[in-house]
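A quick write-up on the structure given underneath.
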Amino acid sequence: MHPGVNCISFTGGDTGIAISKKAGMVPLQMELGGKDACIVLEDADLDLVAANIIKGGFSYSGQRCTAVKVVLVMESVADVLVDKVKAKIAKLTVGPPEDDCDITPVVSESSANFIEGLVKDAKEKGATFCQEYKRDGNLIWPLLLDNVRPDMRIAWEEPFGPVLPVIRINSIEEGIHHCNASNFGLQGCVFTKDVNKAILISDAMETGTVQINSAPARGPDHFPFQGLKDSGIGSQGVTNSINMMTKIKSTVINLPTPSYTMG
């Protein structure tokens, strides 16, 4: 709000929304929260999907804006996919970052408490726990929740931790609907061997970026990086950021006599 501030670029979540409300006419570049959906079709390479769910959902203990935050998988392949992901989760190491573990403590006690609230809500409403829920202070063991329904908080809220919900769907339209019903729209991903379906789904998803057959990711610095809805304002990336921080000014020189003739 200081009069000397003529541009704001911020990465965060609710704080970014609060800043936006106070900024007035100051140009904004906001990279905020996400509920990045992973849509899995029947023809997907499930080994590839499982590997990317682990990478996308549990790297940095899930504390990434572009982490996979919800898996929307076709019912016909859900059992096989869940088993593959469970097997990979069992191999993740858990402990302090000094030991180079895969899963390390989340950033704060309040963050761990928030995640636990989502887990308790899912348990009360009948989600299937693929692992035992375990917590030691800020350290939360990786947890896959199967058979999650839209009435559960974890289906919509961003845990920002190593807890991942699986929602079983019966049609592509159902998956797209759930993705677009979110108040977030940062990134998403689609797994299928049919590139035409992938492009159609990508076009329909209300997100800033869609990865096809790979987990969501920031990408190279020159790639545009943006979110829709509560996920952000404007676009990052070298060129986009320079343009955002540049003010265009026009100076028009009006000559006393025309410098051209009308043919």
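Quick note on naming: the chains in the structure tokens go A, B, ... in the order shown, residues restart at 1 in each chain, and ligands are numbered from 1 in order of appearance.
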>> Please extract the residues of segment 6-255 of chain A with a backbone DSSP assignment of alpha helix (DSSP H) and present them as a ChimeraX atom specification.
In response: /A:14-22,46-58,75-89,109-124,172-181,195-204,238-244
> Residues at most 10 Å from Lys134 of chain A, counting only C-alpha atoms, excluding those fewer than 4 positions away in the same chain, as a PyMOL selection string?
Replying inline: chain A and resi 116+139-143
Against segment 122-127 of chain A, which residues of segment 99-118 of chain A fall within 12 Å? For each one I want the closest pair of atoms and the distance in Å (one decimal), counting only C-alpha atoms, rows by chain and increasing residue number, as JSON lines.
{"residue": "A:Ile115", "atom": "CA", "partner": "A:Ala122", "partner_atom": "CA", "distance": 10.8}
{"residue": "A:Glu116", "atom": "CA", "partner": "A:Ala122", "partner_atom": "CA", "distance": 9.8}
{"residue": "A:Gly117", "atom": "CA", "partner": "A:Ala122", "partner_atom": "CA", "distance": 8.6}
{"residue": "A:Leu118", "atom": "CA", "partner": "A:Ala122", "partner_atom": "CA", "distance": 6.3}
> Per DSSP on the backbone, what are the strand (DSSP E or B) residues of segment 93-197 of chain A, as a PyMOL selection string?
Replying inline: chain A and resi 94+103+128-129+135-136+139-140+143-146+163-169+184-185+187-191
Based on the selection just made, write N, CA, C and O atoms of those residues as an mmCIF file, in the first residue's frame.
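Result file out-v8.cif:
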data_model
loop_
_atom_site.group_PDB
_atom_site.id
_atom_site.type_symbol
_atom_site.label_atom_id
_atom_site.label_comp_id
_atom_site.auth_asym_id
_atom_site.auth_seq_id
_atom_site.Cartn_x
_atom_site.Cartn_y
_atom_site.Cartn_z
ATOM 1 N N VAL A 94 11.003 -41.883 5.117
ATOM 2 C CA VAL A 94 10.395 -40.812 5.913
ATOM 3 C C VAL A 94 11.337 -40.444 7.049
ATOM 4 O O VAL A 94 11.836 -41.316 7.764
ATOM 5 N N ILE A 103 10.281 -38.113 2.301
ATOM 6 C CA ILE A 103 9.225 -37.369 2.991
ATOM 7 C C ILE A 103 9.813 -36.774 4.264
ATOM 8 O O ILE A 103 10.325 -37.504 5.113
ATOM 9 N N THR A 128 -11.246 -44.504 1.946
ATOM 10 C CA THR A 128 -10.427 -45.688 2.170
ATOM 11 C C THR A 128 -8.980 -45.275 2.393
ATOM 12 O O THR A 128 -8.369 -44.652 1.515
ATOM 13 N N PHE A 129 -8.422 -45.629 3.556
ATOM 14 C CA PHE A 129 -7.035 -45.305 3.865
ATOM 15 C C PHE A 129 -6.137 -46.409 3.325
ATOM 16 O O PHE A 129 -6.212 -47.550 3.792
ATOM 17 N N ARG A 135 1.589 -39.543 12.249
ATOM 18 C CA ARG A 135 2.156 -38.202 12.389
ATOM 19 C C ARG A 135 3.042 -38.134 13.626
ATOM 20 O O ARG A 135 2.704 -38.680 14.674
ATOM 21 N N ASP A 136 4.164 -37.440 13.503
ATOM 22 C CA ASP A 136 5.051 -37.177 14.632
ATOM 23 C C ASP A 136 5.454 -35.709 14.550
ATOM 24 O O ASP A 136 6.355 -35.342 13.779
ATOM 25 N N LEU A 139 5.992 -33.996 11.111
ATOM 26 C CA LEU A 139 6.276 -35.062 10.146
ATOM 27 C C LEU A 139 5.036 -35.916 9.941
ATOM 28 O O LEU A 139 4.530 -36.546 10.875
ATOM 29 N N ILE A 140 4.547 -35.927 8.702
ATOM 30 C CA ILE A 140 3.363 -36.719 8.347
ATOM 31 C C ILE A 140 3.785 -37.758 7.313
ATOM 32 O O ILE A 140 4.381 -37.420 6.284
ATOM 33 N N LEU A 143 0.336 -40.550 2.578
ATOM 34 C CA LEU A 143 -0.979 -41.175 2.709
ATOM 35 C C LEU A 143 -1.759 -41.029 1.410
ATOM 36 O O LEU A 143 -1.900 -39.926 0.876
ATOM 37 N N LEU A 144 -2.262 -42.144 0.913
ATOM 38 C CA LEU A 144 -3.142 -42.167 -0.260
ATOM 39 C C LEU A 144 -4.552 -42.476 0.216
ATOM 40 O O LEU A 144 -4.778 -43.475 0.905
ATOM 41 N N LEU A 145 -5.491 -41.623 -0.140
ATOM 42 C CA LEU A 145 -6.891 -41.807 0.248
ATOM 43 C C LEU A 145 -7.703 -42.194 -0.979
ATOM 44 O O LEU A 145 -7.826 -41.409 -1.927
ATOM 45 N N ASP A 146 -8.245 -43.396 -0.975
ATOM 46 C CA ASP A 146 -9.042 -43.891 -2.105
ATOM 47 C C ASP A 146 -10.532 -43.690 -1.808
ATOM 48 O O ASP A 146 -10.933 -43.461 -0.671
ATOM 49 N N VAL A 163 -0.434 -35.931 1.441
ATOM 50 C CA VAL A 163 -1.716 -36.629 1.485
ATOM 51 C C VAL A 163 -2.422 -36.410 0.149
ATOM 52 O O VAL A 163 -2.614 -35.272 -0.269
ATOM 53 N N LEU A 164 -2.779 -37.505 -0.520
ATOM 54 C CA LEU A 164 -3.313 -37.403 -1.875
ATOM 55 C C LEU A 164 -4.636 -38.160 -2.004
ATOM 56 O O LEU A 164 -4.696 -39.356 -1.731
ATOM 57 N N PRO A 165 -5.705 -37.480 -2.437
ATOM 58 C CA PRO A 165 -6.994 -38.143 -2.621
ATOM 59 C C PRO A 165 -7.160 -38.737 -4.020
ATOM 60 O O PRO A 165 -6.662 -38.170 -5.005
ATOM 61 N N VAL A 166 -7.850 -39.855 -4.090
ATOM 62 C CA VAL A 166 -8.203 -40.498 -5.359
ATOM 63 C C VAL A 166 -9.719 -40.507 -5.481
ATOM 64 O O VAL A 166 -10.420 -41.027 -4.601
ATOM 65 N N ILE A 167 -10.212 -39.914 -6.558
ATOM 66 C CA ILE A 167 -11.647 -39.912 -6.850
ATOM 67 C C ILE A 167 -11.873 -40.764 -8.095
ATOM 68 O O ILE A 167 -11.262 -40.523 -9.143
ATOM 69 N N ARG A 168 -12.728 -41.744 -7.979
ATOM 70 C CA ARG A 168 -13.022 -42.622 -9.111
ATOM 71 C C ARG A 168 -14.138 -42.003 -9.955
ATOM 72 O O ARG A 168 -15.167 -41.593 -9.419
ATOM 73 N N ILE A 169 -13.908 -41.956 -11.273
ATOM 74 C CA ILE A 169 -14.881 -41.334 -12.174
ATOM 75 C C ILE A 169 -15.342 -42.353 -13.220
ATOM 76 O O ILE A 169 -14.668 -43.357 -13.466
ATOM 77 N N PHE A 184 -9.673 -23.250 -7.717
ATOM 78 C CA PHE A 184 -8.307 -23.108 -8.199
ATOM 79 C C PHE A 184 -8.235 -23.453 -9.683
ATOM 80 O O PHE A 184 -9.112 -24.129 -10.225
ATOM 81 N N GLY A 185 -7.151 -23.016 -10.323
ATOM 82 C CA GLY A 185 -6.945 -23.348 -11.728
ATOM 83 C C GLY A 185 -5.503 -23.123 -12.135
ATOM 84 O O GLY A 185 -5.220 -22.384 -13.081
ATOM 85 N N GLN A 187 -2.563 -25.732 -12.522
ATOM 86 C CA GLN A 187 -2.156 -26.694 -13.540
ATOM 87 C C GLN A 187 -2.999 -27.953 -13.421
ATOM 88 O O GLN A 187 -3.797 -28.114 -12.499
ATOM 89 N N GLY A 188 -2.809 -28.839 -14.372
ATOM 90 C CA GLY A 188 -3.445 -30.145 -14.350
ATOM 91 C C GLY A 188 -2.681 -31.060 -15.284
ATOM 92 O O GLY A 188 -1.762 -30.624 -15.992
ATOM 93 N N CYS A 189 -3.047 -32.329 -15.287
ATOM 94 C CA CYS A 189 -2.392 -33.259 -16.204
ATOM 95 C C CYS A 189 -3.387 -34.322 -16.660
ATOM 96 O O CYS A 189 -4.368 -34.615 -15.965
ATOM 97 N N VAL A 190 -3.116 -34.869 -17.834
ATOM 98 C CA VAL A 190 -3.963 -35.898 -18.437
ATOM 99 C C VAL A 190 -3.073 -37.045 -18.892
ATOM 100 O O VAL A 190 -2.031 -36.814 -19.525
ATOM 101 N N PHE A 191 -3.479 -38.267 -18.559
ATOM 102 C CA PHE A 191 -2.726 -39.445 -18.987
ATOM 103 C C PHE A 191 -3.599 -40.288 -19.913
ATOM 104 O O PHE A 191 -4.647 -40.799 -19.519
#
>> I'd like the neighbourhood of Met25 of chain A as a PyMOL selection string, where a residue qualifies if any of its atoms comes within 12 Å (using only C-alpha atoms), though same-chain residues fewer than 3 positions away should be ignored.
In response: chain A and resi 1+3+5-8+19-22+28
> Which residues, written as an MDAnalysis selection string, have at least one atom at most 9 Å from Ile201 of chain A, with only C-alpha atoms counted and residues fewer than 6 positions away on the same chain left out?
Replying inline: chainID A and resid 172:173 176 190
For the residues in that selection, give me N, CA, C and O atoms as a JSON list (two decimals), in the first residue's frame.
[["chain", "number", "residue", "atom", "x", "y", "z"],
["A", 172, "ILE", "N", -15.13, -39.07, -18.88],
["A", 172, "ILE", "CA", -14.23, -37.94, -19.03],
["A", 172, "ILE", "C", -14.91, -36.66, -18.56],
["A", 172, "ILE", "O", -14.30, -35.82, -17.89],
["A", 173, "GLU", "N", -16.20, -36.53, -18.90],
["A", 173, "GLU", "CA", -16.94, -35.32, -18.53],
["A", 173, "GLU", "C", -16.98, -35.13, -17.02],
["A", 173, "GLU", "O", -16.88, -34.01, -16.52],
["A", 176, "ILE", "N", -13.57, -33.71, -15.96],
["A", 176, "ILE", "CA", -13.45, -32.30, -16.32],
["A", 176, "ILE", "C", -14.32, -31.44, -15.42],
["A", 176, "ILE", "O", -13.91, -30.36, -14.96],
["A", 190, "VAL", "N", -3.12, -34.87, -17.83],
["A", 190, "VAL", "CA", -3.96, -35.90, -18.44],
["A", 190, "VAL", "C", -3.07, -37.05, -18.89],
["A", 190, "VAL", "O", -2.03, -36.81, -19.52]]
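Atom CA of Ser214 of chain A to atom CA of Pro97 of chain A spans 26.0 Å [interatomic distance, one decimal].
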>> Taking 3 positions as the minimum chain separation for residues in the same chain, which residues sit within 10 Å of Asn240 of chain A when counting only C-alpha atoms? Answer as a PyMOL selection string.
In response: chain A and resi 29+222-226+234-237+243-246
Got time to write the residues from that selection, N, CA, C and O atoms, as a tab-separated table (two decimals), in the first residue's frame?
chain	number	residue	atom	x	y	z
A	29	GLN	N	1.17	-9.53	-10.23
A	29	GLN	CA	1.54	-10.83	-10.78
A	29	GLN	C	1.48	-11.81	-9.60
A	29	GLN	O	2.33	-11.77	-8.72
A	222	HIS	N	11.57	-19.82	-19.45
A	222	HIS	CA	10.96	-19.03	-20.52
A	222	HIS	C	9.53	-19.48	-20.82
A	222	HIS	O	8.82	-18.83	-21.59
A	223	PHE	N	9.07	-20.57	-20.21
A	223	PHE	CA	7.68	-21.00	-20.41
A	223	PHE	C	6.75	-20.04	-19.67
A	223	PHE	O	7.05	-19.58	-18.57
A	224	PRO	N	5.60	-19.74	-20.24
A	224	PRO	CA	4.59	-18.99	-19.48
A	224	PRO	C	4.06	-19.83	-18.34
A	224	PRO	O	3.88	-21.04	-18.48
A	225	PHE	N	3.85	-19.21	-17.21
A	225	PHE	CA	3.38	-19.91	-16.02
A	225	PHE	C	2.33	-19.05	-15.35
A	225	PHE	O	2.63	-17.98	-14.85
A	226	GLN	N	1.09	-19.52	-15.36
A	226	GLN	CA	-0.01	-18.72	-14.88
A	226	GLN	C	-1.12	-19.59	-14.30
A	226	GLN	O	-1.19	-20.78	-14.58
A	234	GLY	N	-2.14	-12.75	-13.93
A	234	GLY	CA	-0.99	-12.52	-14.79
A	234	GLY	C	-0.23	-13.80	-15.08
A	234	GLY	O	-0.69	-14.91	-14.78
A	235	SER	N	0.94	-13.64	-15.68
A	235	SER	CA	1.73	-14.79	-16.11
A	235	SER	C	3.20	-14.56	-15.82
A	235	SER	O	3.73	-13.47	-16.05
A	236	GLN	N	3.86	-15.59	-15.27
A	236	GLN	CA	5.29	-15.54	-15.06
A	236	GLN	C	6.02	-16.10	-16.27
A	236	GLN	O	5.41	-16.55	-17.23
A	237	GLY	N	7.34	-16.10	-16.19
A	237	GLY	CA	8.15	-16.46	-17.34
A	237	GLY	C	8.95	-15.23	-17.74
A	237	GLY	O	8.47	-14.10	-17.58
A	243	ASN	N	7.42	-7.93	-19.47
A	243	ASN	CA	6.29	-7.15	-19.99
A	243	ASN	C	5.41	-6.63	-18.86
A	243	ASN	O	4.92	-5.50	-18.89
A	244	MET	N	5.21	-7.46	-17.84
A	244	MET	CA	4.36	-7.08	-16.72
A	244	MET	C	4.97	-5.90	-15.94
A	244	MET	O	4.26	-5.05	-15.40
A	245	MET	N	6.31	-5.86	-15.91
A	245	MET	CA	7.00	-4.81	-15.16
A	245	MET	C	7.40	-3.64	-16.04
A	245	MET	O	8.22	-2.80	-15.65
A	246	THR	N	6.83	-3.57	-17.23
A	246	THR	CA	7.12	-2.49	-18.17
A	246	THR	C	5.86	-1.67	-18.41
A	246	THR	O	4.79	-2.22	-18.67
I'd like the neighbourhood of Val68 of chain A as a short mmCIF file (atom, residue, chain, number, x, y, z; two decimals) with C-alpha atoms, in the first residue's frame, where a residue qualifies if any of its atoms comes within 12 Å (using only C-alpha atoms), though same-chain residues fewer than 2 positions away should be ignored.
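As a result, part.cif now contains:
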data_model
loop_
_atom_site.label_atom_id
_atom_site.label_comp_id
_atom_site.auth_asym_id
_atom_site.auth_seq_id
_atom_site.Cartn_x
_atom_site.Cartn_y
_atom_site.Cartn_z
CA GLY A 34 -3.60 -24.94 -6.65
CA LYS A 35 -5.61 -28.14 -6.62
CA ASP A 36 -3.92 -29.68 -9.63
CA ALA A 37 -5.96 -32.55 -11.00
CA CYS A 38 -4.50 -35.68 -12.59
CA ILE A 39 -7.06 -37.20 -15.00
CA VAL A 49 0.98 -42.69 -14.21
CA ALA A 50 2.03 -44.22 -10.89
CA ALA A 51 5.59 -42.90 -11.24
CA ASN A 52 4.31 -39.41 -11.99
CA ILE A 53 1.82 -39.47 -9.14
CA ILE A 54 4.68 -40.21 -6.75
CA LYS A 55 6.86 -37.51 -8.31
CA GLY A 56 4.01 -35.03 -8.64
CA GLY A 57 2.21 -35.73 -5.39
CA PHE A 58 4.94 -36.50 -2.87
CA SER A 59 8.13 -34.70 -3.89
CA TYR A 60 8.96 -31.94 -1.41
CA SER A 61 6.43 -33.75 0.81
CA GLY A 62 3.65 -32.38 -1.39
CA GLN A 63 4.59 -28.79 -0.57
CA ARG A 64 4.51 -27.49 -4.14
CA CYS A 65 1.93 -25.30 -5.82
CA THR A 66 2.19 -27.58 -8.86
CA VAL A 70 -6.24 -34.94 -6.66
CA VAL A 71 -6.29 -38.04 -8.89
CA LEU A 72 -9.38 -38.47 -11.07
CA LEU A 144 -3.14 -42.17 -0.26
CA GLU A 158 -5.18 -27.86 -0.87
CA PRO A 159 -3.38 -29.92 1.83
CA PHE A 160 0.12 -28.75 0.87
CA GLY A 161 1.46 -31.96 2.34
CA PRO A 162 1.97 -35.68 1.60
CA VAL A 163 -1.72 -36.63 1.48
CA LEU A 164 -3.31 -37.40 -1.88
CA PRO A 165 -6.99 -38.14 -2.62
CA VAL A 166 -8.20 -40.50 -5.36
CA LEU A 186 -3.15 -23.53 -11.69
CA GLN A 187 -2.16 -26.69 -13.54
CA GLY A 188 -3.44 -30.14 -14.35
CA CYS A 189 -2.39 -33.26 -16.20
CA VAL A 190 -3.96 -35.90 -18.44
CA VAL A 210 -2.01 -28.79 -18.74
CA GLN A 211 0.70 -31.44 -18.89
CA SER A 214 3.55 -36.02 -17.20
CA ALA A 215 3.03 -34.54 -13.74
CA PRO A 216 2.43 -30.79 -13.38
CA ALA A 217 5.63 -28.75 -13.28
#
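Distances here use only C-alpha atoms; by that measure, the residue among A:Asp121, A:Asn183, A:Asp151, A:Glu98 closest to Gly232 of chain A is A:Asn183.
Atom pair atom CA of Ala23 of chain A / atom CA of Gly208 of chain A has a distance of 22.8 Å (rounded to one decimal).
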